[in-house]
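Structure below is query-v7.pdb: PDB, C-alpha atoms.
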```pdb
ATOM      1  CA  MET A   1      98.090  86.584  83.659
ATOM      2  CA  TYR A   2      95.950  85.287  86.460
ATOM      3  CA  SER A   3      92.993  87.594  86.068
ATOM      4  CA  THR A   4      91.245  89.574  83.368
ATOM      5  CA  LEU A   5      88.200  91.807  83.430
ATOM      6  CA  ILE A   6      86.015  93.343  80.745
ATOM      7  CA  ASP A   7      84.467  96.470  82.261
ATOM      8  CA  THR A   8      81.384  97.426  80.229
ATOM      9  CA  ARG A   9      80.329 100.360  82.392
ATOM     10  CA  GLY A  10      80.507 103.168  79.835
ATOM     11  CA  THR A  11      83.199 102.784  77.170
ATOM     12  CA  PRO A  12      84.454  99.173  77.401
ATOM     13  CA  CYS A  13      87.812  98.762  79.100
ATOM     14  CA  LEU A  14      89.904  95.626  79.576
ATOM     15  CA  TYR A  15      92.007  94.985  82.678
ATOM     16  CA  ALA A  16      94.557  92.246  83.251
ATOM     17  CA  SER A  17      96.877  91.362  86.106
ATOM     18  CA  SER A  18     100.490  90.516  85.474
ATOM     19  CA  CYS A  19     102.961  89.048  87.941
ATOM     20  CA  ASN A  20     106.625  88.910  87.132
ATOM     21  CA  PRO A  21     109.292  87.914  89.678
ATOM     22  CA  PHE A  22     111.576  90.689  88.426
ATOM     23  CA  PHE A  23     109.109  93.503  87.587
ATOM     24  CA  GLY A  24     106.543  92.693  90.280
ATOM     25  CA  MET A  25     102.774  92.966  90.329
ATOM     26  CA  LYS A  26     101.103  95.053  87.613
ATOM     27  CA  VAL A  27      97.577  95.942  86.587
ATOM     28  CA  LEU A  28      97.276  96.573  82.853
ATOM     29  CA  ARG A  29      94.466  98.513  81.140
ATOM     30  CA  SER A  30      93.338  98.571  77.512
ATOM     31  CA  THR A  31      90.941 101.180  76.172
ATOM     32  CA  ASN A  32      91.039  99.761  72.615
ATOM     33  CA  MET A  33      89.688  96.259  73.295
ATOM     34  CA  GLY A  34      93.085  94.629  73.764
ATOM     35  CA  LYS A  35      95.042  96.027  70.822
ATOM     36  CA  SER A  36      97.421  97.544  73.357
ATOM     37  CA  PHE A  37      97.752  97.671  77.140
ATOM     38  CA  LYS A  38      99.288 100.255  79.471
ATOM     39  CA  GLU A  39     100.185  99.872  83.123
ATOM     40  CA  THR A  40      97.952 101.658  85.594
ATOM     41  CA  LYS A  41      99.757 104.227  87.758
ATOM     42  CA  SER A  42     100.009 101.724  90.619
ATOM     43  CA  ALA A  43      99.192  98.161  91.588
ATOM     44  CA  PRO A  44      97.688  96.829  94.812
ATOM     45  CA  ALA A  45     100.253  96.530  97.596
ATOM     46  CA  PHE A  46     100.346  95.990 101.326
ATOM     47  CA  PRO A  47     101.517  98.854 103.515
ATOM     48  CA  GLU A  48     105.302  98.674 104.076
ATOM     49  CA  ASP A  49     104.932  97.815 107.775
ATOM     50  CA  ASP A  50     102.407  95.009 107.125
ATOM     51  CA  GLY A  51     104.857  92.121 106.727
ATOM     52  CA  ARG A  52     102.974  90.527 103.842
ATOM     53  CA  ALA A  53     103.934  90.743 100.174
ATOM     54  CA  LEU A  54     101.559  90.387  97.258
ATOM     55  CA  ALA A  55     102.177  87.134  95.373
ATOM     56  CA  ASN A  56      99.368  87.326  92.827
ATOM     57  CA  ILE A  57      96.139  89.001  91.764
ATOM     58  CA  TRP A  58      93.494  86.296  91.481
ATOM     59  CA  THR A  59      90.439  88.322  90.541
ATOM     60  CA  LEU A  60      89.527  91.775  89.284
ATOM     61  CA  GLU A  61      85.921  92.942  89.548
ATOM     62  CA  ALA A  62      84.057  96.054  88.400
ATOM     63  CA  VAL A  63      81.769  97.070  91.251
ATOM     64  CA  GLY A  64      79.707 100.075  92.230
ATOM     65  CA  ARG A  65      80.416 103.352  90.504
ATOM     66  CA  ARG A  66      82.202 103.796  87.179
ATOM     67  CA  LYS A  67      85.956 103.246  87.605
ATOM     68  CA  GLU A  68      85.527 101.415  90.942
ATOM     69  CA  LEU A  69      87.480  98.154  90.877
ATOM     70  CA  TRP A  70      88.043  95.475  93.491
ATOM     71  CA  CYS A  71      90.929  93.059  93.477
ATOM     72  CA  GLY A  72      91.258  89.724  95.271
ATOM     73  CA  ALA A  73      94.863  88.753  95.879
ATOM     74  CA  GLU A  74      97.290  86.233  97.312
ATOM     75  CA  PRO A  75      97.864  86.097 100.231
ATOM     76  CA  ALA A  76      94.104  86.354 100.740
ATOM     77  CA  SER A  77      93.329  90.053 100.851
ATOM     78  CA  LEU A  78      91.064  92.590  99.184
ATOM     79  CA  PHE A  79      91.996  95.896  97.567
ATOM     80  CA  ARG A  80      89.836  98.577  95.952
ATOM     81  CA  SER A  81      90.397 101.390  93.509
ATOM     82  CA  HIS A  82      88.096 104.363  92.912
ATOM     83  CA  ASP A  83      89.964 105.625  89.830
ATOM     84  CA  GLY A  84      90.152 102.733  87.389
ATOM     85  CA  GLY A  85      93.204 101.114  88.973
ATOM     86  CA  ASP A  86      95.505 104.130  89.197
ATOM     87  CA  SER A  87      95.543 103.969  92.993
ATOM     88  CA  TRP A  88      94.633 101.140  95.377
ATOM     89  CA  GLU A  89      93.769 100.809  99.045
ATOM     90  CA  MET A  90      93.663  97.683 101.132
ATOM     91  CA  VAL A  91      90.222  96.814 102.533
ATOM     92  CA  PRO A  92      91.007  96.279 106.224
ATOM     93  CA  GLY A  93      87.644  94.718 107.128
ATOM     94  CA  ILE A  94      88.732  91.451 105.495
ATOM     95  CA  SER A  95      92.474  91.878 104.861
ATOM     96  CA  ASN A  96      93.050  92.480 108.584
ATOM     97  CA  HIS A  97      90.155  90.319 109.791
ATOM     98  CA  GLU A  98      90.879  88.468 113.041
ATOM     99  CA  HIS A  99      90.929  85.192 111.048
ATOM    100  CA  ALA A 100      93.251  86.427 108.263
ATOM    101  CA  ARG A 101      96.573  85.502 109.859
ATOM    102  CA  LYS A 102      95.185  82.045 110.733
ATOM    103  CA  TRP A 103      94.190  81.054 107.188
ATOM    104  CA  GLN A 104      96.426  78.435 105.608
ATOM    105  CA  PRO A 105      97.127  77.993 101.883
ATOM    106  CA  GLY A 106      95.252  75.365  99.919
ATOM    107  CA  ASN A 107      96.597  73.574  96.861
ATOM    108  CA  GLY A 108      96.296  76.771  94.811
ATOM    109  CA  GLY A 109      97.730  79.032  97.506
ATOM    110  CA  LEU A 110      96.151  81.350 100.063
ATOM    111  CA  CYS A 111      94.026  83.394  97.696
ATOM    112  CA  MET A 112      90.902  85.504  97.544
ATOM    113  CA  HIS A 113      89.455  84.072  94.347
ATOM    114  CA  THR A 114      85.840  85.234  94.312
ATOM    115  CA  ILE A 115      84.207  88.634  94.789
ATOM    116  CA  LEU A 116      80.442  88.962  94.315
ATOM    117  CA  ARG A 117      78.714  92.238  95.135
ATOM    118  CA  ASP A 118      75.011  93.053  95.142
ATOM    119  CA  GLY A 119      74.479  96.537  96.539
ATOM    120  CA  ASN A 120      75.858  96.576 100.085
ATOM    121  CA  ARG A 121      76.069  92.779 100.237
ATOM    122  CA  VAL A 122      79.530  91.417  99.382
ATOM    123  CA  HIS A 123      80.420  87.726  99.197
ATOM    124  CA  LEU A 124      84.079  86.689  99.197
ATOM    125  CA  GLY A 125      85.546  83.254  98.499
ATOM    126  CA  ILE A 126      88.898  82.549 100.141
ATOM    127  CA  SER A 127      90.983  79.446  99.700
ATOM    128  CA  THR A 128      90.998  78.013 102.333
ATOM    129  CA  GLY A 129      89.355  80.615 104.562
ATOM    130  CA  GLY A 130      85.896  79.869 103.171
ATOM    131  CA  HIS A 131      83.000  82.258 102.557
ATOM    132  CA  TYR A 132      82.915  85.717 104.131
ATOM    133  CA  LEU A 133      79.937  88.063 103.943
ATOM    134  CA  SER A 134      79.630  91.817 104.344
ATOM    135  CA  GLU A 135      76.270  93.539 104.693
ATOM    136  CA  ASP A 136      77.782  97.067 104.793
ATOM    137  CA  GLY A 137      79.477  97.378 101.409
ATOM    138  CA  GLY A 138      82.752  95.785 102.468
ATOM    139  CA  GLU A 139      83.543  97.687 105.658
ATOM    140  CA  THR A 140      83.167  94.637 107.906
ATOM    141  CA  PHE A 141      83.023  90.905 107.159
ATOM    142  CA  GLU A 142      81.822  87.833 109.036
ATOM    143  CA  ALA A 143      82.648  84.202 108.356
ATOM    144  CA  SER A 144      79.531  82.818 106.712
ATOM    145  CA  ASN A 145      80.331  79.162 106.208
ATOM    146  CA  GLN A 146      79.696  76.329 108.590
ATOM    147  CA  ALA A 147      82.833  74.560 107.339
ATOM    148  CA  SER A 148      85.541  75.592 104.920
ATOM    149  CA  ALA A 149      86.375  73.549 101.845
ATOM    150  CA  GLN A 150      89.892  72.713 103.013
ATOM    151  CA  ALA A 151      89.761  69.003 102.395
ATOM    152  CA  SER A 152      89.664  67.651  98.887
ATOM    153  CA  ARG A 153      86.353  66.417  97.533
ATOM    154  CA  GLN A 154      84.264  68.912  99.509
ATOM    155  CA  ILE A 155      81.731  71.135  97.793
ATOM    156  CA  PRO A 156      80.307  74.054  99.785
ATOM    157  CA  ILE A 157      76.652  74.569  98.868
ATOM    158  CA  PRO A 158      74.811  77.740  99.961
ATOM    159  CA  ARG A 159      71.616  77.449 101.951
ATOM    160  CA  GLU A 160      69.202  80.197 102.965
ATOM    161  CA  GLY A 161      70.455  82.694 100.367
ATOM    162  CA  GLY A 162      74.112  82.264 101.277
ATOM    163  CA  GLU A 163      73.547  82.782 105.003
ATOM    164  CA  LYS A 164      74.645  79.217 105.730
ATOM    165  CA  TRP A 165      76.899  76.868 103.813
ATOM    166  CA  GLU A 166      76.922  73.102 103.887
ATOM    167  CA  CYS A 167      79.703  70.844 102.638
ATOM    168  CA  LEU A 168      78.569  67.833 100.675
ATOM    169  CA  PHE A 169      80.674  64.684 100.649
ATOM    170  CA  ASP A 170      78.419  62.007  99.143
ATOM    171  CA  SER A 171      78.195  61.126  95.462
ATOM    172  CA  LEU A 172      81.264  63.105  94.426
ATOM    173  CA  PRO A 173      83.342  61.694  91.599
ATOM    174  CA  PRO A 174      86.888  60.659  92.516
ATOM    175  CA  ILE A 175      88.432  63.866  91.125
ATOM    176  CA  HIS A 176      91.318  65.305  93.115
ATOM    177  CA  ASN A 177      90.503  68.631  94.760
ATOM    178  CA  VAL A 178      86.998  69.366  93.484
ATOM    179  CA  LYS A 179      85.978  72.745  94.844
ATOM    180  CA  VAL A 180      82.893  74.700  93.799
ATOM    181  CA  ALA A 181      81.380  77.784  95.403
ATOM    182  CA  VAL A 182      77.962  78.998  94.262
ATOM    183  CA  VAL A 183      76.398  82.096  95.798
TER
END
```
Turn this file's structure into structure tokens for me.
Amino acid sequence: MYSTLIDTRGTPCLYASSCNPFFGMKVLRSTNMGKSFKETKSAPAFPEDDGRALANIWTLEAVGRRKELWCGAEPASLFRSHDGGDSWEMVPGISNHEHARKWQPGNGGLCMHTILRDGNRVHLGISTGGHYLSEDGGETFEASNQASAQASRQIPIPREGGEKWECLFDSLPPIHNVKVAVV
């Protein structure tokens, strides 16, 4: 399991992602606090004519209305569900962004690992695409970092409320691949 989520909106519900080379990508749901899990009716997937295949689900987030879930995946893409994970749609504003086919995998893969939402403002962290920001609830996204954290030992630090990002190089310990994103 790469991702888990405890959704406390209403009756608590647990979600977990499962990736199996034989059975494929699954989203599991527990309504009894983990005593048992059942597969949701579907899992995120690219359209058949897209050419990409889902390798992993890196993050699950409860956003907006009850039962609305967002999923960050590998290769870096965003999916959303309005029914608690029983159906999923790709979010084209970032998944088909003009930069998307140019992103290259980092040491952990080409993944969307962070989703932060505050009203209509959505922050996404993509390895190694960087920080992308939406001001319209996720319909459109703009690159919001001055430099991506592609090289090891870079730490992107937000400035001006996340409008600008700066990579710091000095005073970092000699730890391989330190990457931190704070929004």
On this structure, the PyMOL selection byres ((chain A and resi 60) around 10) would catch which residues? List them as a PyMOL selection string, sorted by chain and number.
chain A and resi 2-7+15-17+27+57-59+61-63+69-73+79-80+113-115
Generate a file of the selected residues that holds C-alpha atoms, formatted as an mmCIF file, in the coordinates of the input.
```cif
data_model
loop_
_atom_site.group_PDB
_atom_site.id
_atom_site.type_symbol
_atom_site.label_atom_id
_atom_site.label_comp_id
_atom_site.auth_asym_id
_atom_site.auth_seq_id
_atom_site.Cartn_x
_atom_site.Cartn_y
_atom_site.Cartn_z
ATOM 1 C CA TYR A 2 95.950 85.287 86.460
ATOM 2 C CA SER A 3 92.993 87.594 86.068
ATOM 3 C CA THR A 4 91.245 89.574 83.368
ATOM 4 C CA LEU A 5 88.200 91.807 83.430
ATOM 5 C CA ILE A 6 86.015 93.343 80.745
ATOM 6 C CA ASP A 7 84.467 96.470 82.261
ATOM 7 C CA TYR A 15 92.007 94.985 82.678
ATOM 8 C CA ALA A 16 94.557 92.246 83.251
ATOM 9 C CA SER A 17 96.877 91.362 86.106
ATOM 10 C CA VAL A 27 97.577 95.942 86.587
ATOM 11 C CA ILE A 57 96.139 89.001 91.764
ATOM 12 C CA TRP A 58 93.494 86.296 91.481
ATOM 13 C CA THR A 59 90.439 88.322 90.541
ATOM 14 C CA GLU A 61 85.921 92.942 89.548
ATOM 15 C CA ALA A 62 84.057 96.054 88.400
ATOM 16 C CA VAL A 63 81.769 97.070 91.251
ATOM 17 C CA LEU A 69 87.480 98.154 90.877
ATOM 18 C CA TRP A 70 88.043 95.475 93.491
ATOM 19 C CA CYS A 71 90.929 93.059 93.477
ATOM 20 C CA GLY A 72 91.258 89.724 95.271
ATOM 21 C CA ALA A 73 94.863 88.753 95.879
ATOM 22 C CA PHE A 79 91.996 95.896 97.567
ATOM 23 C CA ARG A 80 89.836 98.577 95.952
ATOM 24 C CA HIS A 113 89.455 84.072 94.347
ATOM 25 C CA THR A 114 85.840 85.234 94.312
ATOM 26 C CA ILE A 115 84.207 88.634 94.789
#
```
Using the chain letters and residue numbers of this document, give as a list in words the residues selected by the PyMOL selection byres ((chain A and resi 93) around 7).
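So the PyMOL selection byres ((chain A and resi 93) around 7) ends up selecting Val91, Pro92, Ile94, Ser95, Asn96, His97, Gly138, Glu139, Thr140 and Phe141 of chain A.
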Care to translate the PyMOL selection byres ((chain A and resi 86) around 7) into actual residues of this file, as a PDB file with C-alpha atoms, keeping the file's coordinate frame?
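Result file is part03.pdb:
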```pdb
ATOM      1  CA  THR A  40      97.952 101.658  85.594  1.00  0.00           C
ATOM      2  CA  LYS A  41      99.757 104.227  87.758  1.00  0.00           C
ATOM      3  CA  SER A  42     100.009 101.724  90.619  1.00  0.00           C
ATOM      4  CA  ASP A  83      89.964 105.625  89.830  1.00  0.00           C
ATOM      5  CA  GLY A  84      90.152 102.733  87.389  1.00  0.00           C
ATOM      6  CA  GLY A  85      93.204 101.114  88.973  1.00  0.00           C
ATOM      7  CA  SER A  87      95.543 103.969  92.993  1.00  0.00           C
ATOM      8  CA  TRP A  88      94.633 101.140  95.377  1.00  0.00           C
TER       9      TRP A  88
END
```
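Using only C-alpha atoms, the smallest distance between any of A:Pro75, A:Gly64, A:Gly108, A:Pro44 and Arg121 in chain A comes from A:Gly64.
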Figure out the distance between CA of Lys26 in chain A and CA of Lys67 in chain A, please, to one decimal in Å.
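Spanning CA of Lys67 in chain A to CA of Lys26 in chain A is a straight-line distance of 17.2 Å.
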Atomic distance CA of Thr8 in chain A - CA of Glu39 in chain A, expressed in Å with one decimal
19.2 Å
Could you give me, as a list of chain:residue names, the residues within 7 Å of Cys19 in chain A, counting only C-alpha atoms and dropping anything in the same chain fewer than 6 positions from it?
A:Met1, A:Met25, A:Lys26, A:Asn56
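One finds CA of Leu14 in chain A at 9.9 Å from CA of Ser36 in chain A.
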Contacts of Trp103 in chain A at 8 Å (only C-alpha atoms; same-chain gap of 4+ positions) as an MDAnalysis selection string:
chainID A and resid 99 110 128:129
Could you check the closest approach to Asn20 in chain A for each of A:Leu133, A:Ala55, A:Met90, A:Ala45 and tell me which residue wins, using all atoms listed in the file?
A:Ala55
Nearest candidate to Met33 in chain A (options A:Pro47, A:Cys13, A:His131, A:Lys102; using only C-alpha atoms)
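Answer, going by the shortest atom-to-atom distance: A:Cys13.
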Measuring atom to atom with only C-alpha atoms, identify which of A:Gly137, A:Pro12, A:Pro21, A:Gly130 is nearest to Gly106 in chain A.
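Checking each of A:Gly137, A:Pro12, A:Pro21, A:Gly130 against Gly106 in chain A, counting only C-alpha atoms, the winner is A:Gly130.
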With N, CA and C atoms as the target, complete range 106-122 of chain A and hand it back as a compact mmCIF listing (two decimals), in the coordinates of the input.
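Contents of result26.txt, freshly written:
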```txt
# COMPACT_ATOMS: atom_id res chain seq x y z
N GLY A 106 95.74 76.61 100.49
CA GLY A 106 95.25 75.36 99.92
C GLY A 106 96.19 74.96 98.79
N ASN A 107 95.74 74.05 97.95
CA ASN A 107 96.60 73.57 96.86
C ASN A 107 96.90 74.66 95.84
N GLY A 108 96.05 75.68 95.75
CA GLY A 108 96.30 76.77 94.81
C GLY A 108 96.92 77.98 95.47
N GLY A 109 97.18 77.90 96.77
CA GLY A 109 97.73 79.03 97.51
C GLY A 109 96.69 79.61 98.45
N LEU A 110 97.05 80.65 99.14
CA LEU A 110 96.15 81.35 100.06
C LEU A 110 95.60 82.55 99.31
N CYS A 111 94.49 82.35 98.61
CA CYS A 111 94.03 83.39 97.70
C CYS A 111 92.57 83.78 97.92
N MET A 112 92.28 85.04 97.62
CA MET A 112 90.90 85.50 97.54
C MET A 112 90.53 85.40 96.07
N HIS A 113 89.72 84.39 95.74
CA HIS A 113 89.46 84.07 94.35
C HIS A 113 88.10 84.51 93.85
N THR A 114 87.19 84.89 94.74
CA THR A 114 85.84 85.23 94.31
C THR A 114 85.36 86.48 95.02
N ILE A 115 84.82 87.42 94.26
CA ILE A 115 84.21 88.63 94.79
C ILE A 115 82.86 88.79 94.09
N LEU A 116 81.78 88.74 94.85
CA LEU A 116 80.44 88.96 94.32
C LEU A 116 79.79 90.08 95.12
N ARG A 117 79.32 91.11 94.43
CA ARG A 117 78.71 92.24 95.14
C ARG A 117 77.33 92.50 94.57
N ASP A 118 76.38 92.70 95.49
CA ASP A 118 75.01 93.05 95.14
C ASP A 118 74.61 94.16 96.10
N GLY A 119 74.75 95.40 95.65
CA GLY A 119 74.48 96.54 96.54
C GLY A 119 75.48 96.53 97.68
N ASN A 120 74.99 96.58 98.91
CA ASN A 120 75.86 96.58 100.08
C ASN A 120 76.29 95.18 100.51
N ARG A 121 75.73 94.17 99.88
CA ARG A 121 76.07 92.78 100.24
C ARG A 121 77.25 92.31 99.39
N VAL A 122 78.32 91.87 100.07
CA VAL A 122 79.53 91.42 99.38
C VAL A 122 79.86 90.01 99.86
```
